[in-house]
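Remarks on the structure that follows.
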Amino acid sequence: VTPGGKKALVAALDKLTGRTLWTTEPLGDDHTSHSSPILFRCGGRRVIATCSSAHGFGIDADGGELLWHVPLKNRFGTNVATPVFGSGSVYYVTPYAEAGRQYRLRADARGIAAEHAWTCPLDTVTGSGVLVDGTLFAAGYRKPKSWFGIDWKTGRTKFQLDELTTGAAIHADGRLYVLDESGEVGLVKPALDGL
């Protein structure tokens, strides 16, 4: 759970008793936000990545140790987009202030560090993105409200789809199922050269 209070940024609770198993130290005056956490393996550890009101961060899932944190602040003090993980890198995005950024995770004996790899022009507000075969599919929020295919290695825009506006997507059966903010639903087939 992410209470985001003065005592704990994140806490693990025993699912049968509710007893606190561990806590993660708070990041200044950060509070909880609306981002869903993801779980993955990196450097031999189980890692949870998520967002608070002003940071993207990663913690050790077995002990609560804060492994890294990066700035992710907007004027409303809330982050909704879920981080995206793939090929040893994690992507965070928030609207109004910070463009989407990928961080390469470097594990060593001291822990895991997040090193900025690239920034792309997306300002996603909800839905974050979907990583499929080396391409991050995500939508802009304010400028422009289109869907993009972003190269996961470089952050370069590979293609743009203007028929749907900002929203969220899932990937299944080789297609993106997109629900945009206007209520339109789209079935999109990604290809190497476009959407």
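Starting from 1 in every chain, residues are counted up; chains themselves are A, B, ... following the order of the structure tokens, and ligands are numbered from 1 as listed.
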Within 7 Å of Gly186 in chain A using only C-alpha atoms, minus same-chain residues under 3 positions, as a PyMOL selection string: chain A and resi 177-179
Residues as selected, C-alpha atoms, written as an mmCIF file, in the first residue's frame, can you do that?
data_model
loop_
_atom_site.group_PDB
_atom_site.id
_atom_site.type_symbol
_atom_site.label_atom_id
_atom_site.label_comp_id
_atom_site.auth_asym_id
_atom_site.auth_seq_id
_atom_site.Cartn_x
_atom_site.Cartn_y
_atom_site.Cartn_z
ATOM 1 C CA TYR A 177 -7.573 -2.001 -27.721
ATOM 2 C CA VAL A 178 -7.851 1.746 -27.192
ATOM 3 C CA LEU A 179 -10.433 3.706 -25.208
#
Could you name the residues that touch Thr124 in chain A at 7 Å or less, counting only C-alpha atoms, but leaving out those on the same chain fewer than 3 positions away, as an MDAnalysis selection string? chainID A and resid 93:95 128 139:141
Write the selection just made, keeping N, CA and C atoms, as a short mmCIF file (atom, residue, chain, number, x, y, z; two decimals), in the first residue's frame?
data_model
loop_
_atom_site.label_atom_id
_atom_site.label_comp_id
_atom_site.auth_asym_id
_atom_site.auth_seq_id
_atom_site.Cartn_x
_atom_site.Cartn_y
_atom_site.Cartn_z
N VAL A 93 5.88 9.16 -16.78
CA VAL A 93 5.34 10.33 -17.47
C VAL A 93 4.28 10.98 -16.61
N THR A 94 4.20 12.31 -16.70
CA THR A 94 3.15 13.07 -16.02
C THR A 94 2.79 14.26 -16.91
N PRO A 95 1.55 14.73 -16.87
CA PRO A 95 1.17 15.86 -17.72
C PRO A 95 1.51 17.21 -17.09
N SER A 128 -0.86 5.66 -19.24
CA SER A 128 0.58 5.50 -19.37
C SER A 128 0.97 5.06 -20.76
N ALA A 139 -0.34 7.90 -25.66
CA ALA A 139 -0.99 9.08 -26.21
C ALA A 139 -0.51 10.34 -25.51
N GLY A 140 -0.46 11.43 -26.26
CA GLY A 140 -0.23 12.74 -25.67
C GLY A 140 -1.53 13.23 -25.04
N TYR A 141 -1.42 14.23 -24.18
CA TYR A 141 -2.61 14.73 -23.49
C TYR A 141 -3.02 16.13 -23.96
#
Sel. of strand (DSSP E or B) residues, range 17-183 of chain A, as a compact mmCIF listing (two decimals) with N, CA and C atoms, in the first residue's frame:
# COMPACT_ATOMS: atom_id res chain seq x y z
N THR A 20 1.96 -4.79 9.87
CA THR A 20 2.95 -4.14 9.01
C THR A 20 4.22 -4.98 8.98
N LEU A 21 4.64 -5.36 7.77
CA LEU A 21 5.86 -6.16 7.59
C LEU A 21 7.09 -5.28 7.39
N TRP A 22 6.94 -4.21 6.61
CA TRP A 22 8.01 -3.25 6.41
C TRP A 22 7.42 -1.94 5.89
N THR A 23 8.20 -0.89 6.00
CA THR A 23 7.82 0.41 5.46
C THR A 23 9.00 1.01 4.71
N THR A 24 8.70 1.92 3.80
CA THR A 24 9.71 2.67 3.07
C THR A 24 9.66 4.11 3.57
N ILE A 38 3.85 -1.53 -10.40
CA ILE A 38 4.20 -2.71 -11.21
C ILE A 38 5.28 -3.48 -10.47
N LEU A 39 5.35 -4.77 -10.72
CA LEU A 39 6.33 -5.65 -10.09
C LEU A 39 7.16 -6.31 -11.18
N PHE A 40 8.49 -6.28 -11.02
CA PHE A 40 9.37 -6.92 -12.00
C PHE A 40 10.67 -7.33 -11.30
N ARG A 41 11.52 -8.07 -12.00
CA ARG A 41 12.82 -8.47 -11.47
C ARG A 41 13.91 -7.64 -12.12
N CYS A 42 14.86 -7.21 -11.29
CA CYS A 42 16.00 -6.43 -11.79
C CYS A 42 17.16 -6.65 -10.82
N ARG A 45 16.66 -8.86 -7.81
CA ARG A 45 15.67 -8.46 -6.81
C ARG A 45 14.28 -8.41 -7.43
N ARG A 46 13.28 -8.59 -6.56
CA ARG A 46 11.90 -8.26 -6.94
C ARG A 46 11.73 -6.78 -6.64
N VAL A 47 11.29 -6.03 -7.63
CA VAL A 47 11.22 -4.57 -7.53
C VAL A 47 9.80 -4.11 -7.79
N ILE A 48 9.35 -3.14 -6.98
CA ILE A 48 8.09 -2.46 -7.20
C ILE A 48 8.41 -1.04 -7.68
N ALA A 49 7.82 -0.65 -8.81
CA ALA A 49 7.96 0.73 -9.29
C ALA A 49 6.58 1.36 -9.32
N THR A 50 6.49 2.61 -8.87
CA THR A 50 5.24 3.35 -8.90
C THR A 50 5.56 4.84 -8.76
N CYS A 51 4.55 5.65 -8.46
CA CYS A 51 4.73 7.10 -8.36
C CYS A 51 4.06 7.63 -7.10
N HIS A 55 7.31 12.12 -7.35
CA HIS A 55 8.43 11.28 -7.77
C HIS A 55 7.95 9.99 -8.43
N GLY A 56 8.78 9.49 -9.33
CA GLY A 56 8.72 8.10 -9.75
C GLY A 56 9.77 7.40 -8.92
N PHE A 57 9.50 6.19 -8.47
CA PHE A 57 10.47 5.53 -7.61
C PHE A 57 10.39 4.02 -7.73
N GLY A 58 11.42 3.35 -7.21
CA GLY A 58 11.47 1.90 -7.16
C GLY A 58 11.90 1.46 -5.78
N ILE A 59 11.30 0.39 -5.29
CA ILE A 59 11.66 -0.15 -3.98
C ILE A 59 11.85 -1.65 -4.07
N ASP A 60 12.63 -2.19 -3.14
CA ASP A 60 12.80 -3.63 -3.02
C ASP A 60 11.51 -4.22 -2.47
N LEU A 66 14.24 1.80 -0.43
CA LEU A 66 14.10 2.70 -1.57
C LEU A 66 15.34 2.54 -2.45
N LEU A 67 15.16 2.15 -3.69
CA LEU A 67 16.28 1.89 -4.59
C LEU A 67 16.63 3.10 -5.44
N TRP A 68 15.62 3.83 -5.90
CA TRP A 68 15.85 5.05 -6.68
C TRP A 68 14.60 5.92 -6.60
N HIS A 69 14.78 7.20 -6.89
CA HIS A 69 13.65 8.09 -7.09
C HIS A 69 14.06 9.17 -8.09
N VAL A 70 13.11 9.58 -8.91
CA VAL A 70 13.34 10.59 -9.93
C VAL A 70 12.22 11.63 -9.85
N PRO A 71 12.49 12.88 -10.23
CA PRO A 71 11.44 13.91 -10.15
C PRO A 71 10.30 13.63 -11.12
N VAL A 84 6.15 2.04 -16.95
CA VAL A 84 6.30 0.95 -17.91
C VAL A 84 7.73 0.42 -17.77
N PHE A 85 7.88 -0.92 -17.71
CA PHE A 85 9.19 -1.54 -17.59
C PHE A 85 9.46 -2.46 -18.76
N GLY A 86 10.68 -2.45 -19.25
CA GLY A 86 11.09 -3.37 -20.30
C GLY A 86 12.57 -3.27 -20.58
N SER A 89 14.83 -1.12 -18.33
CA SER A 89 14.56 0.31 -18.24
C SER A 89 13.13 0.54 -17.75
N VAL A 90 12.91 1.70 -17.12
CA VAL A 90 11.58 2.06 -16.65
C VAL A 90 11.23 3.45 -17.20
N TYR A 91 9.96 3.64 -17.55
CA TYR A 91 9.47 4.88 -18.15
C TYR A 91 8.42 5.50 -17.23
N TYR A 92 8.59 6.81 -16.98
CA TYR A 92 7.63 7.57 -16.18
C TYR A 92 7.14 8.76 -17.00
N ARG A 101 9.92 10.24 -19.71
CA ARG A 101 11.35 9.96 -19.60
C ARG A 101 11.61 8.49 -19.29
N GLN A 102 12.61 7.96 -19.97
CA GLN A 102 13.04 6.60 -19.68
C GLN A 102 14.33 6.64 -18.87
N TYR A 103 14.42 5.72 -17.91
CA TYR A 103 15.61 5.58 -17.08
C TYR A 103 16.13 4.16 -17.20
N ARG A 104 17.42 4.01 -17.51
CA ARG A 104 18.05 2.69 -17.50
C ARG A 104 18.39 2.34 -16.07
N LEU A 105 18.06 1.13 -15.68
CA LEU A 105 18.33 0.68 -14.33
C LEU A 105 19.67 -0.06 -14.32
N ARG A 106 20.55 0.38 -13.44
CA ARG A 106 21.88 -0.22 -13.32
C ARG A 106 22.01 -0.82 -11.94
N ALA A 107 22.15 -2.15 -11.91
CA ALA A 107 22.27 -2.86 -10.64
C ALA A 107 23.73 -3.16 -10.34
N ASP A 108 24.12 -2.95 -9.07
CA ASP A 108 25.44 -3.34 -8.61
C ASP A 108 25.33 -3.78 -7.15
N GLY A 111 23.09 -1.57 -4.91
CA GLY A 111 21.65 -1.45 -5.13
C GLY A 111 21.34 -1.27 -6.60
N ILE A 112 20.32 -0.48 -6.90
CA ILE A 112 19.90 -0.21 -8.28
C ILE A 112 19.79 1.30 -8.45
N ALA A 113 20.45 1.81 -9.48
CA ALA A 113 20.40 3.24 -9.78
C ALA A 113 19.61 3.45 -11.07
N ALA A 114 18.92 4.57 -11.17
CA ALA A 114 18.17 4.94 -12.37
C ALA A 114 18.90 6.07 -13.08
N GLU A 115 19.35 5.80 -14.31
CA GLU A 115 20.10 6.79 -15.09
C GLU A 115 19.24 7.25 -16.27
N HIS A 116 19.06 8.56 -16.40
CA HIS A 116 18.23 9.11 -17.47
C HIS A 116 18.79 8.67 -18.83
N ALA A 117 17.90 8.08 -19.66
CA ALA A 117 18.31 7.61 -20.99
C ALA A 117 17.80 8.54 -22.09
N TRP A 118 16.51 8.86 -22.05
CA TRP A 118 15.94 9.74 -23.07
C TRP A 118 14.65 10.38 -22.57
N THR A 119 14.27 11.45 -23.27
CA THR A 119 13.01 12.15 -23.02
C THR A 119 12.25 12.20 -24.34
N VAL A 130 1.87 1.23 -23.45
CA VAL A 130 2.00 -0.21 -23.62
C VAL A 130 3.26 -0.47 -24.42
N LEU A 131 4.14 -1.32 -23.92
CA LEU A 131 5.37 -1.66 -24.61
C LEU A 131 5.17 -2.97 -25.37
N VAL A 132 5.35 -2.90 -26.71
CA VAL A 132 5.16 -4.06 -27.56
C VAL A 132 6.33 -4.14 -28.55
N THR A 135 8.52 -1.07 -29.03
CA THR A 135 7.85 0.20 -29.28
C THR A 135 6.90 0.51 -28.13
N LEU A 136 7.00 1.73 -27.60
CA LEU A 136 6.09 2.20 -26.57
C LEU A 136 4.92 2.90 -27.26
N PHE A 137 3.72 2.37 -27.07
CA PHE A 137 2.51 3.00 -27.62
C PHE A 137 1.84 3.79 -26.52
N ALA A 138 1.69 5.08 -26.73
CA ALA A 138 1.10 5.96 -25.71
C ALA A 138 0.52 7.19 -26.39
N ALA A 139 -0.34 7.90 -25.66
CA ALA A 139 -0.99 9.08 -26.21
C ALA A 139 -0.51 10.34 -25.51
N TRP A 147 -2.02 9.42 -30.73
CA TRP A 147 -1.31 8.22 -30.28
C TRP A 147 0.02 8.14 -31.01
N PHE A 148 1.03 7.69 -30.28
CA PHE A 148 2.38 7.64 -30.83
C PHE A 148 2.99 6.26 -30.63
N GLY A 149 3.90 5.93 -31.54
CA GLY A 149 4.79 4.79 -31.35
C GLY A 149 6.18 5.35 -31.11
N ILE A 150 6.73 5.11 -29.92
CA ILE A 150 8.03 5.65 -29.52
C ILE A 150 9.03 4.50 -29.46
N ASP A 151 10.18 4.67 -30.12
CA ASP A 151 11.22 3.65 -30.08
C ASP A 151 11.76 3.51 -28.66
N THR A 157 10.22 9.33 -32.00
CA THR A 157 8.88 9.04 -32.48
C THR A 157 8.98 8.27 -33.79
N LYS A 158 8.38 7.08 -33.82
CA LYS A 158 8.39 6.27 -35.03
C LYS A 158 7.17 6.57 -35.89
N PHE A 159 6.01 6.77 -35.25
CA PHE A 159 4.80 7.08 -35.99
C PHE A 159 3.75 7.69 -35.07
N GLN A 160 2.72 8.24 -35.73
CA GLN A 160 1.67 8.97 -35.02
C GLN A 160 0.32 8.61 -35.62
N LEU A 161 -0.69 8.45 -34.76
CA LEU A 161 -2.05 8.14 -35.20
C LEU A 161 -2.97 9.23 -34.66
N GLY A 167 -5.97 8.64 -24.20
CA GLY A 167 -6.71 7.61 -23.50
C GLY A 167 -5.81 6.49 -23.03
N ALA A 168 -6.39 5.31 -22.89
CA ALA A 168 -5.66 4.16 -22.38
C ALA A 168 -5.80 2.99 -23.36
N ALA A 169 -4.85 2.07 -23.28
CA ALA A 169 -4.87 0.91 -24.18
C ALA A 169 -4.35 -0.32 -23.47
N ILE A 170 -4.77 -1.47 -23.98
CA ILE A 170 -4.17 -2.74 -23.60
C ILE A 170 -3.77 -3.44 -24.88
N HIS A 171 -2.84 -4.39 -24.79
CA HIS A 171 -2.39 -5.15 -25.95
C HIS A 171 -2.79 -6.60 -25.78
N ALA A 172 -3.47 -7.16 -26.79
CA ALA A 172 -3.84 -8.57 -26.79
C ALA A 172 -4.07 -9.01 -28.23
N ARG A 175 -3.03 -6.79 -31.18
CA ARG A 175 -3.69 -5.51 -31.43
C ARG A 175 -3.73 -4.66 -30.16
N LEU A 176 -3.89 -3.36 -30.35
CA LEU A 176 -4.12 -2.44 -29.24
C LEU A 176 -5.62 -2.17 -29.16
N TYR A 177 -6.18 -2.34 -27.98
CA TYR A 177 -7.57 -2.00 -27.72
C TYR A 177 -7.54 -0.66 -26.99
N VAL A 178 -8.00 0.38 -27.67
CA VAL A 178 -7.85 1.75 -27.19
C VAL A 178 -9.21 2.32 -26.81
N LEU A 179 -9.26 2.94 -25.63
CA LEU A 179 -10.43 3.71 -25.21
C LEU A 179 -9.97 5.14 -25.03
N ASP A 180 -10.47 6.05 -25.86
CA ASP A 180 -10.00 7.43 -25.74
C ASP A 180 -10.94 8.26 -24.87
In Å, how far is it from CA of Val10 in chain A to CA of Asp123 in chain A?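 Between CA of Val10 in chain A and CA of Asp123 in chain A the gap works out to 25.7 Å.
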Quick one, how far is CA of Pro121 in chain A from CA of Asp162 in chain A?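 Value for the CA of Pro121 in chain A-CA of Asp162 in chain A distance: 15.4 Å.
Closest to Gly43 in chain A among A:Ala8, A:Ala109, A:Leu27, A:Ala97 is A:Ala109, based on only C-alpha atoms.
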Could you tell me how far CA of Trp152 in chain A lies from CA of Ala81 in chain A, in Å and to one decimal?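 These two atoms are separated by 17.3 Å.
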